[in-house]
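A.B. asks: What follows is protein.cif; its format and atoms are mmCIF, C-alpha atoms and all ligand atoms.
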data_final
#
loop_
_atom_site.group_PDB
_atom_site.id
_atom_site.type_symbol
_atom_site.label_atom_id
_atom_site.label_comp_id
_atom_site.auth_asym_id
_atom_site.auth_seq_id
_atom_site.Cartn_x
_atom_site.Cartn_y
_atom_site.Cartn_z
ATOM 1 C CA MET A 1 78.339 66.568 106.832
ATOM 2 C CA GLN A 2 79.225 64.242 109.694
ATOM 3 C CA SER A 3 78.372 61.221 107.553
ATOM 4 C CA PHE A 4 80.258 62.681 104.592
ATOM 5 C CA GLN A 5 83.374 63.126 106.724
ATOM 6 C CA HIS A 6 82.953 59.609 108.015
ATOM 7 C CA SER A 7 82.664 58.050 104.559
ATOM 8 C CA ARG A 8 85.564 60.182 103.320
ATOM 9 C CA ALA A 9 87.715 58.887 106.177
ATOM 10 C CA ARG A 10 86.654 55.303 105.364
ATOM 11 C CA LEU A 11 87.438 55.826 101.691
ATOM 12 C CA GLY A 12 90.840 57.293 102.628
ATOM 13 C CA GLU A 13 91.579 54.244 104.771
ATOM 14 C CA ARG A 14 90.590 51.847 101.974
ATOM 15 C CA ILE A 15 92.787 53.702 99.479
ATOM 16 C CA ARG A 16 95.714 53.547 101.934
ATOM 17 C CA ARG A 17 95.293 49.766 102.420
ATOM 18 C CA LEU A 18 94.923 49.176 98.679
ATOM 19 C CA ARG A 19 98.129 51.091 98.019
ATOM 20 C CA GLU A 20 99.993 49.079 100.660
ATOM 21 C CA ALA A 21 98.724 45.845 99.137
ATOM 22 C CA THR A 22 99.798 46.783 95.588
ATOM 23 C CA ALA A 23 103.140 48.340 96.615
ATOM 24 C CA ALA A 24 104.748 44.894 96.906
ATOM 25 C CA THR A 25 103.991 44.024 93.279
ATOM 26 C CA ARG A 26 104.238 47.439 91.599
ATOM 27 C CA GLY A 27 106.924 49.161 93.625
ATOM 28 C CA PRO A 28 106.423 52.209 95.859
ATOM 29 C CA ALA A 29 103.092 53.988 95.406
ATOM 30 C CA PRO A 30 103.122 57.723 94.706
ATOM 31 C CA GLU A 31 102.772 60.049 97.686
ATOM 32 C CA ILE A 32 99.256 60.277 99.030
ATOM 33 C CA CYS A 33 97.980 63.845 98.943
ATOM 34 C CA ALA A 34 98.090 65.262 102.458
ATOM 35 C CA ASP A 35 95.093 67.505 101.830
ATOM 36 C CA CYS A 36 92.585 64.832 100.801
ATOM 37 C CA GLN A 37 94.293 61.547 101.774
ATOM 38 C CA GLY A 38 93.805 60.389 98.188
ATOM 39 C CA THR A 39 90.019 60.765 98.149
ATOM 40 C CA GLY A 40 89.995 63.754 95.811
ATOM 41 C CA TRP A 41 87.716 65.702 98.176
ATOM 42 C CA VAL A 42 88.477 68.400 100.708
ATOM 43 C CA ILE A 43 86.155 70.101 103.144
ATOM 44 C CA ARG A 44 86.403 73.848 103.292
ATOM 45 C CA ASN A 45 84.639 76.216 105.584
ATOM 46 C CA GLN A 46 82.868 78.942 103.639
ATOM 47 C CA ASP A 47 80.896 81.565 105.558
ATOM 48 C CA GLY A 48 80.546 79.212 108.500
ATOM 49 C CA VAL A 49 79.288 76.340 106.309
ATOM 50 C CA SER A 50 81.370 73.218 105.626
ATOM 51 C CA ARG A 51 81.440 72.456 101.931
ATOM 52 C CA ALA A 52 83.000 69.529 100.098
ATOM 53 C CA SER A 53 84.956 70.487 97.012
ATOM 54 C CA ARG A 54 87.469 68.889 94.683
ATOM 55 C CA CYS A 55 91.051 68.830 95.915
ATOM 56 C CA GLU A 56 93.767 70.562 93.837
ATOM 57 C CA CYS A 57 95.439 67.186 93.239
ATOM 58 C CA TRP A 58 92.234 65.782 91.711
ATOM 59 C CA ILE A 59 91.853 68.837 89.445
ATOM 60 C CA ARG A 60 95.504 68.581 88.311
ATOM 61 C CA GLU A 61 95.088 64.891 87.501
ATOM 62 C CA LYS A 62 91.819 65.488 85.653
ATOM 63 C CA ILE A 63 93.371 68.255 83.529
ATOM 64 C CA GLY A 64 96.352 65.996 82.758
ATOM 65 C CA LYS A 65 93.992 63.241 81.604
ATOM 66 C CA LEU A 66 91.975 65.628 79.436
ATOM 67 C CA ARG A 67 95.178 66.868 77.803
ATOM 68 C CA GLN A 68 96.331 63.312 77.186
ATOM 69 C CA SER A 69 93.043 62.080 75.797
ATOM 70 C CA ALA A 70 92.890 65.011 73.361
ATOM 71 C CA GLY A 71 95.535 63.196 71.292
ATOM 72 C CA ILE A 72 97.732 66.249 70.715
ATOM 73 C CA PRO A 73 101.003 65.163 69.015
ATOM 74 C CA ILE A 74 103.989 65.208 71.414
ATOM 75 C CA ARG A 75 105.656 68.136 69.631
ATOM 76 C CA TYR A 76 102.636 70.322 70.407
ATOM 77 C CA ALA A 77 101.579 68.842 73.750
ATOM 78 C CA ARG A 78 103.101 71.716 75.725
ATOM 79 C CA CYS A 79 102.132 74.540 73.398
ATOM 80 C CA THR A 80 100.730 77.597 75.169
ATOM 81 C CA PHE A 81 99.853 81.160 74.219
ATOM 82 C CA ASP A 82 102.576 82.481 76.512
ATOM 83 C CA GLY A 83 105.093 80.271 74.699
ATOM 84 C CA PHE A 84 104.182 81.861 71.354
ATOM 85 C CA THR A 85 106.849 84.401 70.401
ATOM 86 C CA VAL A 86 105.565 87.568 68.793
ATOM 87 C CA TYR A 87 107.490 90.146 66.812
ATOM 88 C CA PRO A 88 106.295 93.207 64.887
ATOM 89 C CA ASN A 89 103.775 91.498 62.594
ATOM 90 C CA GLU A 90 100.201 92.751 62.873
ATOM 91 C CA ASP A 91 98.512 89.709 61.378
ATOM 92 C CA LEU A 92 100.467 87.296 63.572
ATOM 93 C CA GLU A 93 99.627 89.342 66.671
ATOM 94 C CA ARG A 94 95.981 89.348 65.642
ATOM 95 C CA ALA A 95 96.042 85.565 65.153
ATOM 96 C CA LEU A 96 97.432 85.095 68.664
ATOM 97 C CA ARG A 97 94.823 87.482 70.067
ATOM 98 C CA ARG A 98 91.948 85.726 68.275
ATOM 99 C CA ALA A 99 93.120 82.267 69.381
ATOM 100 C CA ARG A 100 93.466 83.451 72.964
ATOM 101 C CA GLU A 101 90.029 85.103 72.901
ATOM 102 C CA PHE A 102 88.523 81.916 71.492
ATOM 103 C CA ALA A 103 89.965 79.847 74.352
ATOM 104 C CA ASP A 104 89.047 82.464 76.975
ATOM 105 C CA ARG A 105 85.425 82.603 75.859
ATOM 106 C CA PHE A 106 84.977 78.862 75.395
ATOM 107 C CA PRO A 107 82.472 77.225 76.026
ATOM 108 C CA VAL A 108 80.365 80.324 75.424
ATOM 109 C CA ARG A 109 78.852 79.838 71.980
ATOM 110 C CA GLN A 110 80.953 81.349 69.226
ATOM 111 C CA ASN A 111 81.913 80.849 65.603
ATOM 112 C CA SER A 112 84.460 78.249 64.640
ATOM 113 C CA LEU A 113 87.934 79.369 63.671
ATOM 114 C CA LEU A 114 89.956 78.788 60.509
ATOM 115 C CA LEU A 115 93.644 79.604 60.937
ATOM 116 C CA ALA A 116 95.218 79.980 57.512
ATOM 117 C CA GLY A 117 98.726 80.740 56.341
ATOM 118 C CA PRO A 118 101.906 79.122 55.052
ATOM 119 C CA SER A 119 103.821 76.316 56.785
ATOM 120 C CA GLY A 120 105.834 76.859 59.931
ATOM 121 C CA ILE A 121 104.189 80.072 61.170
ATOM 122 C CA GLY A 122 102.544 78.516 64.231
ATOM 123 C CA LYS A 123 98.997 77.531 63.195
ATOM 124 C CA THR A 124 99.141 74.102 64.835
ATOM 125 C CA HIS A 125 100.882 75.678 67.845
ATOM 126 C CA LEU A 126 97.944 78.055 68.353
ATOM 127 C CA ALA A 127 95.348 75.309 67.808
ATOM 128 C CA ALA A 128 97.104 73.073 70.353
ATOM 129 C CA ALA A 129 97.342 75.998 72.791
ATOM 130 C CA ILE A 130 93.554 76.415 72.503
ATOM 131 C CA LEU A 131 93.059 72.716 73.342
ATOM 132 C CA ASN A 132 95.484 72.922 76.271
ATOM 133 C CA GLU A 133 93.895 76.078 77.629
ATOM 134 C CA CYS A 134 90.394 74.596 77.360
ATOM 135 C CA ALA A 135 91.518 71.358 79.051
ATOM 136 C CA GLY A 136 92.600 73.610 81.930
ATOM 137 C CA LYS A 137 88.929 74.590 82.213
ATOM 138 C CA GLY A 138 87.831 70.938 82.264
ATOM 139 C CA ILE A 139 86.794 70.834 78.610
ATOM 140 C CA GLY A 140 87.464 67.625 76.688
ATOM 141 C CA GLY A 141 88.794 68.411 73.219
ATOM 142 C CA VAL A 142 90.110 66.275 70.387
ATOM 143 C CA TYR A 143 93.015 66.923 68.040
ATOM 144 C CA CYS A 144 92.885 65.370 64.601
ATOM 145 C CA GLU A 145 95.011 65.821 61.522
ATOM 146 C CA SER A 146 92.636 65.629 58.568
ATOM 147 C CA ALA A 147 94.730 63.271 56.392
ATOM 148 C CA THR A 148 95.303 60.924 59.355
ATOM 149 C CA LEU A 149 91.604 60.955 60.127
ATOM 150 C CA LEU A 150 90.721 59.853 56.607
ATOM 151 C CA THR A 151 93.400 57.128 56.664
ATOM 152 C CA ARG A 152 91.975 55.824 59.935
ATOM 153 C CA LEU A 153 88.447 55.911 58.580
ATOM 154 C CA ARG A 154 89.543 54.091 55.433
ATOM 155 C CA SER A 155 91.281 51.420 57.506
ATOM 156 C CA THR A 156 88.011 50.585 59.273
ATOM 157 C CA TYR A 157 86.765 49.093 55.999
ATOM 158 C CA ASP A 158 89.280 46.311 56.618
ATOM 159 C CA LYS A 159 87.227 43.688 58.466
ATOM 160 C CA ASN A 160 90.186 42.833 60.759
ATOM 161 C CA SER A 161 90.737 46.408 61.936
ATOM 162 C CA GLY A 162 88.578 45.983 65.045
ATOM 163 C CA THR A 163 87.468 49.631 64.875
ATOM 164 C CA GLN A 164 84.215 50.919 63.481
ATOM 165 C CA ASP A 165 84.100 54.110 61.481
ATOM 166 C CA THR A 166 81.105 55.114 63.590
ATOM 167 C CA ASP A 167 83.280 55.010 66.768
ATOM 168 C CA ILE A 168 85.787 57.392 65.200
ATOM 169 C CA LEU A 169 83.106 59.691 63.800
ATOM 170 C CA ARG A 170 81.150 59.792 67.053
ATOM 171 C CA ARG A 171 84.247 60.914 68.959
ATOM 172 C CA LEU A 172 84.824 63.731 66.472
ATOM 173 C CA THR A 173 81.258 64.881 66.072
ATOM 174 C CA ASN A 174 80.516 64.870 69.812
ATOM 175 C CA ALA A 175 83.733 66.353 71.259
ATOM 176 C CA ASP A 176 83.168 69.670 73.014
ATOM 177 C CA LEU A 177 86.017 71.073 70.962
ATOM 178 C CA LEU A 178 87.649 69.682 67.812
ATOM 179 C CA VAL A 179 90.871 70.754 66.150
ATOM 180 C CA LEU A 180 90.958 69.670 62.526
ATOM 181 C CA ASP A 181 94.551 70.305 61.523
ATOM 182 C CA ASP A 182 95.993 70.827 58.049
ATOM 183 C CA LEU A 183 92.875 70.780 55.915
ATOM 184 C CA GLY A 184 93.812 70.460 52.275
ATOM 185 C CA GLY A 185 97.189 68.948 53.193
ATOM 186 C CA GLU A 186 96.357 66.463 50.477
ATOM 187 C CA GLN A 187 93.748 66.529 47.751
ATOM 188 C CA LEU A 188 90.522 64.987 48.979
ATOM 189 C CA THR A 189 88.616 62.358 47.068
ATOM 190 C CA ARG A 190 84.848 62.793 46.811
ATOM 191 C CA TRP A 191 84.545 60.291 49.676
ATOM 192 C CA GLY A 192 87.018 62.299 51.835
ATOM 193 C CA GLN A 193 85.087 65.506 51.112
ATOM 194 C CA ASN A 194 81.838 63.830 52.158
ATOM 195 C CA MET A 195 83.344 62.473 55.386
ATOM 196 C CA LEU A 196 84.772 65.832 56.491
ATOM 197 C CA HIS A 197 81.604 67.604 55.418
ATOM 198 C CA MET A 198 79.582 65.219 57.559
ATOM 199 C CA VAL A 199 81.783 65.854 60.625
ATOM 200 C CA LEU A 200 81.761 69.636 60.239
ATOM 201 C CA ASN A 201 78.088 69.833 59.366
ATOM 202 C CA SER A 202 77.086 67.698 62.316
ATOM 203 C CA ARG A 203 79.140 69.855 64.690
ATOM 204 C CA TYR A 204 77.746 73.043 63.140
ATOM 205 C CA ASN A 205 74.185 71.788 63.636
ATOM 206 C CA GLN A 206 74.931 70.950 67.259
ATOM 207 C CA ASP A 207 76.503 74.386 67.835
ATOM 208 C CA LEU A 208 79.870 72.829 68.622
ATOM 209 C CA ALA A 209 82.897 74.913 67.698
ATOM 210 C CA THR A 210 85.774 73.585 65.604
ATOM 211 C CA VAL A 211 89.251 75.002 65.071
ATOM 212 C CA CYS A 212 90.568 74.255 61.581
ATOM 213 C CA THR A 213 93.949 75.044 60.106
ATOM 214 C CA THR A 214 95.157 75.138 56.526
ATOM 215 C CA ARG A 215 98.305 76.208 54.735
ATOM 216 C CA LEU A 216 96.326 77.109 51.596
ATOM 217 C CA PRO A 217 94.578 80.417 50.832
ATOM 218 C CA PRO A 218 90.967 80.040 51.999
ATOM 219 C CA SER A 219 89.579 82.456 49.431
ATOM 220 C CA PRO A 220 88.424 80.609 46.306
ATOM 221 C CA HIS A 221 89.536 83.669 44.299
ATOM 222 C CA GLU A 222 93.193 83.039 45.035
ATOM 223 C CA ARG A 223 95.569 80.953 43.017
ATOM 224 C CA ASP A 224 96.102 77.402 44.378
ATOM 225 C CA SER A 225 93.413 77.954 46.956
ATOM 226 C CA LEU A 226 91.926 75.483 49.386
ATOM 227 C CA LEU A 227 89.049 75.101 46.935
ATOM 228 C CA PHE A 228 91.100 72.876 44.627
ATOM 229 C CA GLU A 229 92.061 70.487 47.416
ATOM 230 C CA ILE A 230 88.822 70.166 49.351
ATOM 231 C CA GLY A 231 86.070 71.081 46.866
ATOM 232 C CA GLY A 232 83.376 73.751 46.830
ATOM 233 C CA ARG A 233 80.845 72.196 49.194
ATOM 234 C CA LEU A 234 83.308 71.771 52.052
ATOM 235 C CA LEU A 235 84.886 75.185 51.488
ATOM 236 C CA SER A 236 81.484 76.829 51.512
ATOM 237 C CA MET A 237 80.668 75.040 54.777
ATOM 238 C CA LEU A 238 83.937 76.330 56.283
ATOM 239 C CA HIS A 239 83.187 79.910 55.280
ATOM 240 C CA GLN A 240 79.712 79.593 56.759
ATOM 241 C CA MET A 241 80.865 78.333 60.153
ATOM 242 C CA CYS A 242 84.303 79.888 60.667
ATOM 243 C CA ASP A 243 85.877 83.242 61.348
ATOM 244 C CA VAL A 244 88.816 83.171 58.964
ATOM 245 C CA VAL A 245 92.096 84.341 60.505
ATOM 246 C CA GLU A 246 94.775 84.592 57.845
ATOM 247 C CA PHE A 247 98.346 85.392 58.737
ATOM 248 C CA ASP A 248 101.883 85.048 57.488
ATOM 249 C CA GLY A 249 105.230 85.217 59.215
ATOM 250 C CA ALA A 250 108.671 83.722 59.609
ATOM 251 C CA ASP A 251 108.969 79.987 59.079
ATOM 252 C CA TYR A 252 109.863 78.885 62.599
ATOM 253 C CA ARG A 253 111.245 75.590 61.311
ATOM 254 C CA HIS A 254 114.057 77.490 59.570
ATOM 255 C CA ALA A 255 114.799 79.753 62.531
ATOM 256 C CA GLY A 256 117.196 77.495 64.487
ATOM 257 C CA GLU A 257 116.843 76.348 68.101
ATOM 258 C CA HIS A 258 114.684 78.594 70.319
ATOM 259 C CA PRO A 259 114.789 81.701 68.113
ATOM 260 C CA ASP A 260 114.095 85.029 69.793
ATOM 261 C CA ALA A 261 111.776 87.759 68.535
ATOM 262 C CA ASP A 262 114.640 89.610 66.737
ATOM 263 C CA THR A 263 115.653 86.508 64.774
ATOM 264 C CA LEU A 264 112.054 85.876 63.747
ATOM 265 C CA GLU A 265 111.576 89.502 62.750
ATOM 266 C CA THR A 266 114.706 89.380 60.545
ATOM 267 C CA LEU A 267 113.470 86.180 58.870
ATOM 268 C CA TRP A 268 110.032 87.702 58.389
ATOM 269 C CA ASP A 269 111.540 90.852 56.806
ATOM 270 C CA GLU A 270 113.596 88.705 54.414
ATOM 271 C CA ARG A 271 110.532 86.693 53.471
ATOM 272 C CA ARG A 272 108.483 89.809 52.802
ATOM 273 C CA ARG A 273 111.255 91.291 50.659
ATOM 274 C CA ARG A 274 111.281 88.103 48.596
ATOM 275 C CA THR A 275 107.505 88.021 48.068
ATOM 276 C CA VAL A 276 107.000 91.777 47.599
ATOM 277 C CA GLY A 277 109.779 92.219 45.067
ATOM 278 C CA PRO A 278 109.812 94.583 42.060
ATOM 279 C CA THR A 279 107.672 92.091 40.088
ATOM 280 C CA PRO A 280 105.076 91.001 42.609
ATOM 281 C CA GLN A 281 103.453 87.663 41.983
ATOM 282 C CA ALA A 282 99.764 88.085 41.270
ATOM 283 C CA ARG A 283 97.892 86.330 44.050
ATOM 284 C CA PHE A 284 94.522 87.408 42.695
ATOM 285 C CA VAL A 285 93.662 85.631 39.472
ATOM 286 C CA PRO A 286 90.319 86.866 38.080
ATOM 287 C CA GLU A 287 89.884 84.012 35.597
ATOM 288 C CA GLN A 288 89.896 81.582 38.516
ATOM 289 C CA ARG A 289 86.997 83.334 40.187
ATOM 290 C CA LEU A 290 85.143 80.233 41.213
ATOM 291 C CA GLN A 291 82.288 80.313 43.635
ATOM 292 C CA PRO A 292 82.551 77.882 46.559
HETATM 293 N N1 LIG A 301 105.651 82.310 67.059
HETATM 294 C C1 LIG A 301 106.056 81.128 67.575
HETATM 295 N N2 LIG A 301 106.499 81.058 68.845
HETATM 296 C C2 LIG A 301 106.931 79.898 69.374
HETATM 297 N N3 LIG A 301 106.971 78.724 68.704
HETATM 298 C C3 LIG A 301 106.529 78.727 67.428
HETATM 299 C C4 LIG A 301 106.047 79.913 66.805
HETATM 300 N N4 LIG A 301 105.678 79.609 65.541
HETATM 301 C C5 LIG A 301 105.915 78.303 65.391
HETATM 302 N N5 LIG A 301 106.425 77.757 66.514
HETATM 303 C C6 LIG A 301 106.883 76.371 66.704
HETATM 304 O O1 LIG A 301 107.443 75.970 65.460
HETATM 305 C C7 LIG A 301 107.055 74.664 65.107
HETATM 306 C C8 LIG A 301 106.277 74.709 63.794
HETATM 307 O O2 LIG A 301 105.074 75.451 64.007
HETATM 308 P P1 LIG A 301 103.657 74.903 63.571
HETATM 309 O O3 LIG A 301 102.640 75.334 64.557
HETATM 310 O O4 LIG A 301 103.751 73.445 63.290
HETATM 311 O O5 LIG A 301 103.434 75.674 62.193
HETATM 312 P P2 LIG A 301 102.272 75.479 61.107
HETATM 313 O O6 LIG A 301 101.196 74.642 61.734
HETATM 314 O O7 LIG A 301 101.832 76.873 60.797
HETATM 315 O O8 LIG A 301 102.903 74.810 59.934
HETATM 316 C C9 LIG A 301 106.239 74.142 66.284
HETATM 317 O O9 LIG A 301 107.094 73.401 67.121
HETATM 318 C C10 LIG A 301 105.753 75.398 66.984
HETATM 319 O O10 LIG A 301 105.586 75.189 68.385
HETATM 320 MG MG MG A 302 100.508 72.692 61.167
HETATM 321 ZN ZN ZN A 303 94.366 65.886 97.180
#
Before anything else, please render the file you have as structure tokens.
C.D. replies:
Amino acid sequence: MQSFQHSRARLGERIRRLREATAATRGPAPEICADCQGTGWVIRNQDGVSRASRCECWIREKIGKLRQSAGIPIRYARCTFDGFTVYPNEDLERALRRAREFADRFPVRQNSLLLAGPSGIGKTHLAAAILNECAGKGIGGVYCESATLLTRLRSTYDKNSGTQDTDILRRLTNADLLVLDDLGGEQLTRWGQNMLHMVLNSRYNQDLATVCTTRLPPSPHERDSLLFEIGGRLLSMLHQMCDVVEFDGADYRHAGEHPDADTLETLWDERRRRTVGPTPQARFVPEQRLQP
């Protein structure tokens, strides 16, 4: 321990000198942590034994980097479960509970998750909250919107792009946690279906969980279902690997600035009255009973 303390002190001194040297060119350096002198290590006495452990400042920085490298869009970068407003809506409450449970249990092996429901109800919010929560546990996740992913993959066929499709695919297939947002946001070509199937299948085989979202009904028996946008093979894969969590609610994007629970409940009531009117729209269409 003596030698550890000695090398920690030497490291601290080197960091201090380096900061002084760079201050002239880059302006004032940030405060050096008083607990670890910038080394990232602190020595704590536990049951009479001195143990080296990571300093709080190092953990905070590491979590910040994990959150940044996940590539969560700015709008969702600060999404949390606590920041998710609930109102009397059983399915929405269940969706929040399932997302929270998923993050709490991670990285214990569990099924993937498919969050499904119309636009603006908070699917991406919950997926981003899962990534943020897991980053807090030191888990490196990746956010990816499915249409953007395919555009990026397609662009690698341009010889001047400088990126290889294998680099992109490796990042997605190997990430501890992947959020694949807005599946079926656009109709997939056969090539797009194959690409996404490859990513999901590879993760499934490696026992790596994925959180997917879609605004289309995931059941192939429903009208305008996800089946028509992503094809049977991919849909069947999703059903095999995911717990499907379907919910509906108020469209937050039409709820004004920082709506409270009462406002959302009123919007949700109005929406339900519109969809469950005297002539309900048939959502179940037997003649479209296609198998995935
Ligand atoms: N219940 C909620 N509580 C707090 N913010 C919400 C809620 N639902 C949606 N939002 C916010 O509304 C915006 C749209 O939600 P989003 O997650 O993009 O919906 P979806 O992915 O279902 O289309 C986001 O900024 C999100 O943070
Ligand atoms: Mg979304
Ligand atoms: Zn520190």
A.B. asks: Can you work out the spacing between CA of Asn132 in chain A and atom O3 of ligand LIG 301 (chain A) in Å, to one decimal?
C.D. replies: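 Answer for the CA of Asn132 in chain A to atom O3 of ligand LIG 301 (chain A) separation: 13.9 Å.
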A.B. asks: Could I get the residues of range 87-131 of chain A with an atom no further than 12 Å from an atom of range 63-77 of chain A, each paired with its nearest atom pair and that distance in Å to one decimal, using only C-alpha atoms, sorted by chain and residue number, as CSV?
C.D. replies:
residue,atom,partner,partner_atom,distance
A:Gly122,CA,A:Tyr76,CA,10.3
A:Lys123,CA,A:Tyr76,CA,10.8
A:Thr124,CA,A:Tyr76,CA,7.6
A:His125,CA,A:Tyr76,CA,6.2
A:Leu126,CA,A:Tyr76,CA,9.3
A:Ala127,CA,A:Tyr76,CA,9.2
A:Ala128,CA,A:Tyr76,CA,6.2
A:Ala129,CA,A:Tyr76,CA,8.1
A:Ile130,CA,A:Arg67,CA,11.0
A:Leu131,CA,A:Arg67,CA,7.7
A.B. asks: Restricting the output to C-alpha atoms, write the selected residues as a PDB file, in the frame of the given file.
C.D. replies:
ATOM      1  CA  GLY A 122     102.544  78.516  64.231  1.00  0.00           C
ATOM      2  CA  LYS A 123      98.997  77.531  63.195  1.00  0.00           C
ATOM      3  CA  THR A 124      99.141  74.102  64.835  1.00  0.00           C
ATOM      4  CA  HIS A 125     100.882  75.678  67.845  1.00  0.00           C
ATOM      5  CA  LEU A 126      97.944  78.055  68.353  1.00  0.00           C
ATOM      6  CA  ALA A 127      95.348  75.309  67.808  1.00  0.00           C
ATOM      7  CA  ALA A 128      97.104  73.073  70.353  1.00  0.00           C
ATOM      8  CA  ALA A 129      97.342  75.998  72.791  1.00  0.00           C
ATOM      9  CA  ILE A 130      93.554  76.415  72.503  1.00  0.00           C
ATOM     10  CA  LEU A 131      93.059  72.716  73.342  1.00  0.00           C
TER      11      LEU A 131
END
A.B. asks: For ligand MG 302 (chain A), return the neighbouring residues as a count of residues only (distance at most 12 Å; all atoms listed in the file).
C.D. replies: 37
A.B. asks: Please expand the PyMOL selection byres (((chain A and resi 137) around 12) and not hetatm) into the concrete residues it hits in this file, giving the result as a ChimeraX atom specification.
C.D. replies: /A:59-60,62-64,66-67,103-107,130-136,138-141,176
A.B. asks: Determine the residue membership of the PyMOL selection byres (((chain A and resi 173) around 8) and not hetatm) for the file above and supply it as a ChimeraX atom specification.
C.D. replies: /A:169-172,174-175,199-200,202-203
A.B. asks: Once you count all atoms listed in the file, which residues end up within 7 Å of ligand ZN 303 (chain A), and could you hand them over as an MDAnalysis selection string?
C.D. replies: chainID A and resid 33:41 55:58
A.B. asks: Please identify all polymer residues within 7 Å of Ala52 in chain A, counting all atoms listed in the file, omitting same-chain residues fewer than 3 positions from it, and present them as a list in words.
C.D. replies: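 Counting only the stated atoms, we get Trp41, Val42, Ile43 and Arg44 of chain A.
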A.B. asks: Contacts of range 232-237 of chain A at 12 Å or less, counting all atoms listed in the file, minus same-chain residues fewer than 6 places along, as a VMD selection string?
C.D. replies: chain A and resid 112 114 183 to 184 188 to 205 212 214 216 to 221 225 to 226 243 to 244 290 to 292
A.B. asks: Suppose we keep C-alpha atoms; can you now write the selection as an mmCIF file, in the coordinates of the input?
C.D. replies:
data_model
loop_
_atom_site.group_PDB
_atom_site.id
_atom_site.type_symbol
_atom_site.label_atom_id
_atom_site.label_comp_id
_atom_site.auth_asym_id
_atom_site.auth_seq_id
_atom_site.Cartn_x
_atom_site.Cartn_y
_atom_site.Cartn_z
ATOM 1 C CA SER A 112 84.460 78.249 64.640
ATOM 2 C CA LEU A 114 89.956 78.788 60.509
ATOM 3 C CA LEU A 183 92.875 70.780 55.915
ATOM 4 C CA GLY A 184 93.812 70.460 52.275
ATOM 5 C CA LEU A 188 90.522 64.987 48.979
ATOM 6 C CA THR A 189 88.616 62.358 47.068
ATOM 7 C CA ARG A 190 84.848 62.793 46.811
ATOM 8 C CA TRP A 191 84.545 60.291 49.676
ATOM 9 C CA GLY A 192 87.018 62.299 51.835
ATOM 10 C CA GLN A 193 85.087 65.506 51.112
ATOM 11 C CA ASN A 194 81.838 63.830 52.158
ATOM 12 C CA MET A 195 83.344 62.473 55.386
ATOM 13 C CA LEU A 196 84.772 65.832 56.491
ATOM 14 C CA HIS A 197 81.604 67.604 55.418
ATOM 15 C CA MET A 198 79.582 65.219 57.559
ATOM 16 C CA VAL A 199 81.783 65.854 60.625
ATOM 17 C CA LEU A 200 81.761 69.636 60.239
ATOM 18 C CA ASN A 201 78.088 69.833 59.366
ATOM 19 C CA SER A 202 77.086 67.698 62.316
ATOM 20 C CA ARG A 203 79.140 69.855 64.690
ATOM 21 C CA TYR A 204 77.746 73.043 63.140
ATOM 22 C CA ASN A 205 74.185 71.788 63.636
ATOM 23 C CA CYS A 212 90.568 74.255 61.581
ATOM 24 C CA THR A 214 95.157 75.138 56.526
ATOM 25 C CA LEU A 216 96.326 77.109 51.596
ATOM 26 C CA PRO A 217 94.578 80.417 50.832
ATOM 27 C CA PRO A 218 90.967 80.040 51.999
ATOM 28 C CA SER A 219 89.579 82.456 49.431
ATOM 29 C CA PRO A 220 88.424 80.609 46.306
ATOM 30 C CA HIS A 221 89.536 83.669 44.299
ATOM 31 C CA SER A 225 93.413 77.954 46.956
ATOM 32 C CA LEU A 226 91.926 75.483 49.386
ATOM 33 C CA ASP A 243 85.877 83.242 61.348
ATOM 34 C CA VAL A 244 88.816 83.171 58.964
ATOM 35 C CA LEU A 290 85.143 80.233 41.213
ATOM 36 C CA GLN A 291 82.288 80.313 43.635
ATOM 37 C CA PRO A 292 82.551 77.882 46.559
#
A.B. asks: Report as a list in words the residues that result from applying the PyMOL selection byres (((chain A and resi 153) around 9) and not hetatm) to the structure here.
C.D. replies: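 For this structure, the PyMOL selection byres (((chain A and resi 153) around 9) and not hetatm) resolves to Thr148, Leu149, Leu150, Thr151, Arg152, Arg154, Ser155, Thr156, Tyr157, Thr163, Gln164, Asp165, Thr166, Ile168, Leu169 and Met195 of chain A.
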A.B. asks: Between A:Val86, A:Ala209, A:Leu267, A:Leu113, which has the minimum distance to ligand LIG 301 (chain A) (counting all atoms listed in the file)?
C.D. replies: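 Among the listed residues, the smallest separation from ligand LIG 301 (chain A) belongs to A:Val86.
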